[in-house]
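Engineer: Let me give you the structure first, and then I'll get to my questions.
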Amino acid sequence: RFGDVPEAPKDPILGISEMFNADAHAEKMNLGVGAYRDDNGKPVVLNCVREAEKRIAGNFNMEYLPTNGSKDFVQQSLKLAFGENSAHVADGSIAAVQSLSGTGSCRLMAEFQRRFMPGCKVYITVPTWSNHHNIWRDAGCEQDTFRYYKESTRGLDFEGMVEDIQNAPDGSMFLLHACAHNPTGVDPSAEQWREISKVMKAKNHFAFFDMAYQGFASGDCERDAQAIRIFVEDGHKVALAQSFAKNMGLYGQRIGTVSVMCKDKEEANRVESQLKVIARAMYSNPPMHGALIASTILGDAALKAQWYEEVKGMADRIIKMRTLLRKNLEESGSTLPWQHVTDQIGMFCFSGMTGEQVDKLRTDHHIYMTRNGRISMAGVTSSNVGRLAAAMHEVTK
Ligand code: LMR
């Protein structure tokens, strides 16, 4: 029956973890998937999460959540993105449902786009998180790309980006990374966001923000929402995917929110009813435990403050590793420029290494990363950074 089913190619990110797991070498390094590790290379459960778990233990049943998830969690999540005192959150004009982390949020949006935004193409940055392509492909939406990253400067191709936004048909959808762009670690400045917002407004484009790393760009969750807040201030009706995988370390809990700003509460109710229809057929309703953890943290001033501190701690450790990696590379005798290692922000360093060099790191040094040269800085530690720099120098000589 299944004789003709071909083997699927491995996922460019999760496939790396599979190869890593199969490697028995004692000093192997997984710098593939974007998952935070402490300085001993161990997964981290935040203290605020442990505290929230204690508070909710025994206080909830195992019933289904509604299709749109926990109302409390969704409200808290919107406030985190749009601002504690956002009038749009208060007046109910944002359609929003709890979803399955970033991927699930994007998938709901893509499905909504296919059903209710006919003929509207989604424009995706070059490069982007590999799963964006899969999600919009499987949802059956037409996708196109726009310039974002400039190889020569390892920075933002601002002119190219603006030109592509201007040249897209009016009313197109642009998938923007709200902060800590994956995989490049290159974000527009606040001033550049303002300009992008203006150009997009003039073209009546629709901004869909994917915010998977709130807190990881600047260490400050409020500041990392600046792009969204600038667009909203300018009168855009944006849509947004939020994930709590990275910033709360709730990876396996699959906690996120997808939201769509609408004209008013009545329109929001209609849009939300359609998001529910889509979710019902796909997975019926979202998980409860992680949503309770997140809403307990976000709903308690002291716990929220503790969480902000812990996010900053994670972001700061990554910044420290960037400094150390660059220093070690420069001291290794490498004559290549490595400034971008410290210029880029968020969880990733877009190293500039080729697929072949990445392959050599894996086969010769048991160091694993995605073939686009992306290094998950979250997996770099004080004790492995020296070996990483030496190996990078070796394969880029
Ligand atoms: C990544 O880019 O490594 C993360 O977003 C994890 C994932 O699901 O790909």
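Chain identifiers are assigned as A, B, and so on, following the order in which chains appear in the structure tokens; residues are numbered from 1 within each chain, and ligands are numbered from 1 in order of appearance.
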Counting only C-alpha atoms, what is within 10 Å of A:Ala294, bar same-chain residues fewer than 6 positions away, as number ranges by chain?

Structural biologist: A: 48-49, 52-53, 72-74, 76-77, 244, 248, 250, 255-256, 304

Engineer: Given only C-alpha atoms and all ligand atoms, how would the per-residue table for chain A near ligand 1 read, listing every residue at most 8 Å away with its closest atom pair and distance in Å to one decimal, sorted by chain and number, as a tab-separated table?

Structural biologist:
```
residue	atom	partner	partner_atom_place_in_ligand_line	distance
A:Ile13	CA	ligand 1	9 (O)	5.5
A:Leu14	CA	ligand 1	9 (O)	6.5
A:Gly32	CA	ligand 1	3 (O)	6.3
A:Val33	CA	ligand 1	3 (O)	3.6
A:Gly34	CA	ligand 1	3 (O)	3.6
A:Ala35	CA	ligand 1	3 (O)	6.8
A:Gly102	CA	ligand 1	5 (O)	8.0
A:Thr103	CA	ligand 1	8 (O)	7.4
A:Trp129	CA	ligand 1	2 (O)	5.8
A:Ser130	CA	ligand 1	9 (O)	7.4
A:Asn131	CA	ligand 1	9 (O)	6.6
A:Asn182	CA	ligand 1	2 (O)	6.5
A:Pro183	CA	ligand 1	2 (O)	7.1
A:Ala212	CA	ligand 1	5 (O)	7.4
A:Ser376	CA	ligand 1	3 (O)	7.5
```

Engineer: Include N, CA and C atoms and write out the residues we just selected as an mmCIF file, in the first residue's frame.

Structural biologist:
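Final output, saved to again_14.cif:
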```cif
data_model
loop_
_atom_site.group_PDB
_atom_site.id
_atom_site.type_symbol
_atom_site.label_atom_id
_atom_site.label_comp_id
_atom_site.auth_asym_id
_atom_site.auth_seq_id
_atom_site.Cartn_x
_atom_site.Cartn_y
_atom_site.Cartn_z
ATOM 1 N N ILE A 13 16.090 22.144 10.461
ATOM 2 C CA ILE A 13 16.443 22.486 11.845
ATOM 3 C C ILE A 13 16.313 21.260 12.759
ATOM 4 N N LEU A 14 15.141 20.647 12.771
ATOM 5 C CA LEU A 14 14.925 19.518 13.692
ATOM 6 C C LEU A 14 15.704 18.281 13.251
ATOM 7 N N GLY A 32 22.102 23.815 16.732
ATOM 8 C CA GLY A 32 21.095 23.837 15.665
ATOM 9 C C GLY A 32 19.823 24.516 16.130
ATOM 10 N N VAL A 33 18.990 23.764 16.817
ATOM 11 C CA VAL A 33 17.682 24.290 17.201
ATOM 12 C C VAL A 33 17.823 25.457 18.189
ATOM 13 N N GLY A 34 16.932 26.439 18.050
ATOM 14 C CA GLY A 34 16.955 27.589 18.951
ATOM 15 C C GLY A 34 16.266 27.251 20.254
ATOM 16 N N ALA A 35 17.016 26.695 21.166
ATOM 17 C CA ALA A 35 16.460 26.360 22.483
ATOM 18 C C ALA A 35 17.513 26.762 23.506
ATOM 19 N N GLY A 102 4.447 29.326 18.176
ATOM 20 C CA GLY A 102 4.629 30.148 16.974
ATOM 21 C C GLY A 102 4.128 29.463 15.708
ATOM 22 N N THR A 103 4.488 28.216 15.553
ATOM 23 C CA THR A 103 4.095 27.488 14.343
ATOM 24 C C THR A 103 2.577 27.428 14.220
ATOM 25 N N TRP A 129 13.040 31.906 8.788
ATOM 26 C CA TRP A 129 12.915 30.618 9.498
ATOM 27 C C TRP A 129 12.340 29.607 8.500
ATOM 28 N N SER A 130 13.003 28.479 8.347
ATOM 29 C CA SER A 130 12.627 27.547 7.274
ATOM 30 C C SER A 130 11.168 27.105 7.367
ATOM 31 N N ASN A 131 10.631 27.042 8.561
ATOM 32 C CA ASN A 131 9.252 26.555 8.703
ATOM 33 C C ASN A 131 8.208 27.530 8.153
ATOM 34 N N ASN A 182 15.039 35.698 12.802
ATOM 35 C CA ASN A 182 15.544 34.318 12.688
ATOM 36 C C ASN A 182 15.630 33.981 11.207
ATOM 37 N N PRO A 183 16.795 33.705 10.637
ATOM 38 C CA PRO A 183 18.040 33.321 11.282
ATOM 39 C C PRO A 183 19.115 34.396 11.370
ATOM 40 N N ALA A 212 8.485 35.533 17.999
ATOM 41 C CA ALA A 212 8.859 34.304 18.705
ATOM 42 C C ALA A 212 9.899 34.571 19.791
ATOM 43 N N SER A 376 23.072 28.618 16.852
ATOM 44 C CA SER A 376 22.224 28.956 17.987
ATOM 45 C C SER A 376 23.153 29.311 19.141
#
```

Engineer: Residues at most 7 Å from A:Leu275, counting only C-alpha atoms, excluding those fewer than 4 positions away in the same chain, as a PyMOL selection string?

Structural biologist: chain A and resi 108+112+271+279

Engineer: Compare A:Gln75, A:Gln344, A:Gln166, A:Asn68 by their minimum atom-to-atom distance to A:Glu195, counting only C-alpha atoms, and give me the closest one.

Structural biologist: A:Gln166

Engineer: Once you count only C-alpha atoms, what closest atom pair and distance in Å to one decimal does each residue of stretch 121-228 of chain A within 9 Å of stretch 350-360 of chain A have, with rows by chain and rising residue number, as CSV?

Structural biologist:
```
residue,atom,partner,partner_atom,distance
A:Glu151,CA,A:Gly352,CA,8.1
A:Arg154,CA,A:Gly352,CA,8.0
A:Asn182,CA,A:Phe350,CA,8.9
A:Pro183,CA,A:Phe350,CA,6.3
A:Thr184,CA,A:Phe350,CA,4.9
A:Gly185,CA,A:Phe350,CA,6.7
A:Val186,CA,A:Phe350,CA,8.8
```

Engineer: Where does DSSP see strand (DSSP E or B) in stretch 188-290 of chain A, if you list the residues as a PyMOL selection string?

Structural biologist: chain A and resi 206-211+239-243+256-261

Engineer: Which residues come within 10 Å of A:Arg223, counting only C-alpha atoms, excluding same-chain residues fewer than 4 positions away, as a PyMOL selection string?

Structural biologist: chain A and resi 179+190+214-215+217-219+227+229

Engineer: List as a PyMOL selection string the protein and nucleic acid residues near A:His88, meaning an atom at most 10 Å away when only C-alpha atoms are counted, but skip any in the same chain fewer than 5 places from it.

Structural biologist: chain A and resi 78-79+82-83+93-94+232+261-265

Engineer: Nearest residue to A:Asn59 out of A:His289, A:Arg362, A:Lys201, A:Lys71, using only C-alpha atoms?

Structural biologist: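 Once distances to A:Asn59 are computed over only C-alpha atoms, the minimum belongs to A:His289.
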
Engineer: Of the candidates A:Ser70, A:Asn204, A:Gln113, A:Gln192, which one gets nearest to A:Ser295 if we count only C-alpha atoms?

Structural biologist: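 The answer is A:Ser70, which sits nearest to A:Ser295.
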
Engineer: Write out as a CSV table (one decimal) with C-alpha atoms, in the first residue's frame the residues lying within 7 Å of A:Tyr213, counting only C-alpha atoms and excluding same-chain residues fewer than 3 positions away.

Structural biologist:
```
chain,number,residue,atom,x,y,z
A,179,CYS,CA,12.3,41.2,16.9
A,180,ALA,CA,15.4,39.1,16.9
A,216,PHE,CA,15.7,38.1,23.5
A,246,LYS,CA,11.7,30.8,24.1
A,247,ASN,CA,10.9,33.7,26.5
```

Engineer: Could you state the separation of atom CA of A:Asp364 and atom CA of A:Arg326 in Å, given to one decimal place?

Structural biologist: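 If I compute the distance from atom CA of A:Asp364 to atom CA of A:Arg326, I get 21.3 Å.
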
Engineer: Select, from A:Asn30, A:Ser332, A:Ser105, A:Ser284, the residue with the minimum atom-to-atom distance to A:Thr67, counting only C-alpha atoms.

Structural biologist: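 Result for the nearest residue to A:Thr67: A:Ser284.
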
Engineer: Atom CA of A:Met282 and atom CA of A:Arg270 are how many Å apart?

Structural biologist: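 These two atoms are separated by 19.0 Å.
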